[in-house]
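Written below as structure tokens is the structure these notes are about.
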Amino acid sequence: MASEGTEKNNPAQSAEGSAFEVSNLQDEKSLSKKAAKKEAAKAERLQKRQMAAAAAAAVVEESDPLVGNYGDLPLEAVQSKEISGRKWTGVGSLTHELKDQQVLVRGHAHAARGVSSKMAFLVVREAGYTVQCVLNVSPGVVSKGMVKFVTGLSKESIVDVEGIVIVPNIAITGASQQVEIHVRKVYCVSKSQPTLPINLEDAARSEKEFEKAEQTGEHVVRVGQDTRLNYRVLDLRTPANQGIFRVQSYVSMEAGIEVDPFGDFNTETERKLGRLVREKYDTDFYILHRYPLAIRPFYTMPCIDDPRYSNSFDVFVRGEEIISGAQRVHEPEFLTKRAKECGIDVNTISTYIDSFRWGAVPHGGLGVGLERVVMLFCALNNIRKTSLFPRDPQRLAP
């Protein structure tokens, strides 16, 4: 209502506003026309490129009888349908024992290099292992079109390679596996963008390489921690990170000893105990159990033989806690009693206590800091290095 009154009482202002709006509309129309013209030109250029590519592909298809043995796989070819019966071999499993056998591997296009129009090398990487794949033009086996396709692959694209395992007479320095795959078929399953936000070769450099470069005066690029975390999906593909998370996937707690409880520990006490355990028992893993009941949560079950202690435990690595657990109280009346003893208003946890009123099995629980486990096991200096996608007060993405 106020704006209506203002317009009625100030016709000049209203006229000025209308003129301004008309001017804005004209400007917007002008910009829209320019934008549309620009988009049309862009679309025309794209169409020309696509037509040229289609024409080139048609020529290749007409002249190359092996065109079905390479190329980009359409989406429907990789959508789950039925069991295909195809068997993939892990790159890390490619050894001398597979000599002269036909294999199918899937991995990242780590590197592609054309030697000539008739020969190319493709290094495929999977789970930190690499294998060299060789393409030599041969009638009915490998065509020039296949060689050209491979040399045009973007780094980090996902590829399927089918071929024969060959054991060369000399050591292979450009790949981890000491066998080659002589390619018969190669398909791109998922294209990577041609330009990557970080260079994996830079990200993969070790501290020793930086030290050596500093001594020789060589300039090498160091990828910072924030940059690594911004592009974590790529950073996780470096050998160091592959190793870290391979360790994490196999982590288990098997070693431990019992230590008489003598109260709660501060951080320094825990670390000192870790050094003592290491000296006496030659292990970095140990377990403390039967903590005093007074220092554990109210839902921890007391020991049956001495209610001053609890059925609880902590697991340590190198003097730092990685797991904390206990048997938990499952009887609602006793749970209420324990809460009151700890000064907790039971009205604030009534729904928690009520959840045990309809029959609850005796149970226990624990919390595991898997990232902390791997950080300590690998003697790393930052827990972010062991988290797939770290989160902290300053980082919520990616």
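Chain lettering (A, B, ...) mirrors the order of the structure tokens, residue numbering begins at 1 for each chain separately, and ligand numbering begins at 1 in order of display.
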### Query
Got a sec: who's within 9 Å of Ser190 in chain A, counting only C-alpha atoms, leaving out chain neighbours fewer than 4 positions off, as a PyMOL selection string?
chain A and resi 72-73+157-159
### Task
Please return as JSON, numbers by chain: the residues of range 125-169 of chain A that backbone DSSP assigns to strand (DSSP E or B).
{"A": [125, 126, 129, 130, 131, 132, 133, 134, 135, 136, 138, 142, 158, 159, 160, 161, 162, 163, 164, 165, 166]}
Using C-alpha atoms, can you write the selected residues to a file as a short mmCIF file (atom, residue, chain, number, x, y, z; two decimals), in the first residue's frame?
data_model
loop_
_atom_site.label_atom_id
_atom_site.label_comp_id
_atom_site.auth_asym_id
_atom_site.auth_seq_id
_atom_site.Cartn_x
_atom_site.Cartn_y
_atom_site.Cartn_z
CA ARG A 125 47.01 -48.67 -13.52
CA GLU A 126 44.73 -50.43 -11.08
CA TYR A 129 49.80 -51.57 -9.79
CA THR A 130 50.73 -50.80 -13.39
CA VAL A 131 51.20 -52.90 -16.52
CA GLN A 132 52.59 -51.97 -19.92
CA CYS A 133 50.33 -52.73 -22.87
CA VAL A 134 51.83 -52.89 -26.37
CA LEU A 135 50.10 -52.26 -29.69
CA ASN A 136 51.88 -53.27 -32.91
CA SER A 138 49.45 -56.46 -37.56
CA VAL A 142 45.94 -54.50 -34.48
CA ILE A 158 38.96 -45.99 -17.45
CA VAL A 159 39.84 -48.60 -20.06
CA ASP A 160 39.26 -52.30 -20.69
CA VAL A 161 42.22 -54.03 -22.31
CA GLU A 162 42.18 -57.56 -23.65
CA GLY A 163 45.31 -59.29 -24.84
CA ILE A 164 48.02 -61.90 -24.45
CA VAL A 165 50.50 -61.90 -21.53
CA ILE A 166 54.09 -61.80 -22.76
#
Using only C-alpha atoms, what table do you get, as CSV, when you list each residue of range 182-289 of chain A with an atom no more than 9 Å from range 363-381 of chain A, its nearest pair of atoms, and their distance in Å rounded to one decimal, rows by chain then rising number?
residue,atom,partner,partner_atom,distance
A:Ile244,CA,A:Val374,CA,7.2
A:Phe245,CA,A:Val374,CA,8.1
A:Val247,CA,A:Val374,CA,7.0
A:Gln248,CA,A:Val374,CA,5.8
A:Val251,CA,A:Val374,CA,7.7
A:Asp284,CA,A:Phe377,CA,8.7
#### Entry: Filtered DSSP result for range 243-345 of chain A, state helix (DSSP H, G or I), as a ChimeraX atom specification
/A:243-250,267-281,293-295,332-341
Go ahead and save the picked residues with C-alpha atoms, as a compact mmCIF listing (two decimals), in the first residue's frame.
# COMPACT_ATOMS: atom_id res chain seq x y z
CA GLY A 243 49.36 -47.82 0.27
CA ILE A 244 47.81 -46.02 3.22
CA PHE A 245 44.30 -47.19 2.45
CA ARG A 246 45.44 -50.68 1.57
CA VAL A 247 46.84 -50.84 5.09
CA GLN A 248 43.58 -49.48 6.44
CA SER A 249 41.59 -52.17 4.64
CA TYR A 250 43.61 -54.88 6.40
CA THR A 267 47.81 -38.18 27.32
CA GLU A 268 51.38 -38.13 28.60
CA THR A 269 50.77 -41.13 30.87
CA GLU A 270 49.29 -43.10 27.97
CA ARG A 271 52.31 -42.35 25.80
CA LYS A 272 54.73 -43.27 28.54
CA LEU A 273 52.91 -46.57 29.05
CA GLY A 274 53.15 -47.15 25.31
CA ARG A 275 56.94 -46.80 25.47
CA LEU A 276 57.13 -49.17 28.45
CA VAL A 277 55.00 -51.77 26.70
CA ARG A 278 57.16 -51.49 23.62
CA GLU A 279 60.35 -51.99 25.62
CA LYS A 280 59.06 -54.94 27.63
CA TYR A 281 56.77 -56.76 25.18
CA LEU A 293 33.54 -47.21 37.10
CA ALA A 294 33.66 -43.57 38.19
CA ILE A 295 35.52 -42.47 35.04
CA PRO A 332 16.18 -50.11 32.52
CA GLU A 333 15.85 -49.86 36.30
CA PHE A 334 19.56 -50.36 36.85
CA LEU A 335 20.25 -47.87 34.03
CA THR A 336 18.05 -45.32 35.85
CA LYS A 337 19.93 -45.95 39.10
CA ARG A 338 23.32 -45.47 37.40
CA ALA A 339 22.18 -42.24 35.73
CA LYS A 340 21.05 -40.78 39.06
CA GLU A 341 24.34 -41.79 40.69
### Message
So that I can see what lies close to Gly152 in chain A, please list as a list in words the residues with an atom at most 10 Å from it, counting only C-alpha atoms and leaving out residues fewer than 4 positions away in the same chain.
### Response
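Contacts, in chain order: Ala112, Arg113, Gly114, Met146, Val147, Lys148 and Pro194 of chain A.
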Save out the residues we just selected, C-alpha atoms, as a PDB file, in the first residue's frame.
ATOM      1  CA  ALA A 112      49.810 -43.429 -23.491  1.00  0.00           C
ATOM      2  CA  ARG A 113      52.654 -42.925 -25.957  1.00  0.00           C
ATOM      3  CA  GLY A 114      52.693 -43.318 -29.687  1.00  0.00           C
ATOM      4  CA  MET A 146      43.415 -48.827 -32.864  1.00  0.00           C
ATOM      5  CA  VAL A 147      46.854 -47.287 -32.372  1.00  0.00           C
ATOM      6  CA  LYS A 148      45.461 -43.814 -33.059  1.00  0.00           C
ATOM      7  CA  PRO A 194      41.770 -33.950 -20.967  1.00  0.00           C
TER       8      PRO A 194
END
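Proximity ranking of A:Pro362, A:Pro139, A:Gly71, A:Gly90 relative to Lys191 in chain A places A:Gly71 first, based on only C-alpha atoms.
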### Message
Just checking: using only C-alpha atoms, which residue out of A:Val233, A:Val91, A:Val179, A:Leu66 ends up closest to Ala397 in chain A?
### Response
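Counting only C-alpha atoms, the residue closest to Ala397 in chain A is A:Val233.
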### Summary
What separates CA of Gly92 in chain A and CA of Gln178 in chain A is a distance of 10.4 Å
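Between CA of Arg384 in chain A and CA of Arg222 in chain A there is a distance of 17.5 Å.
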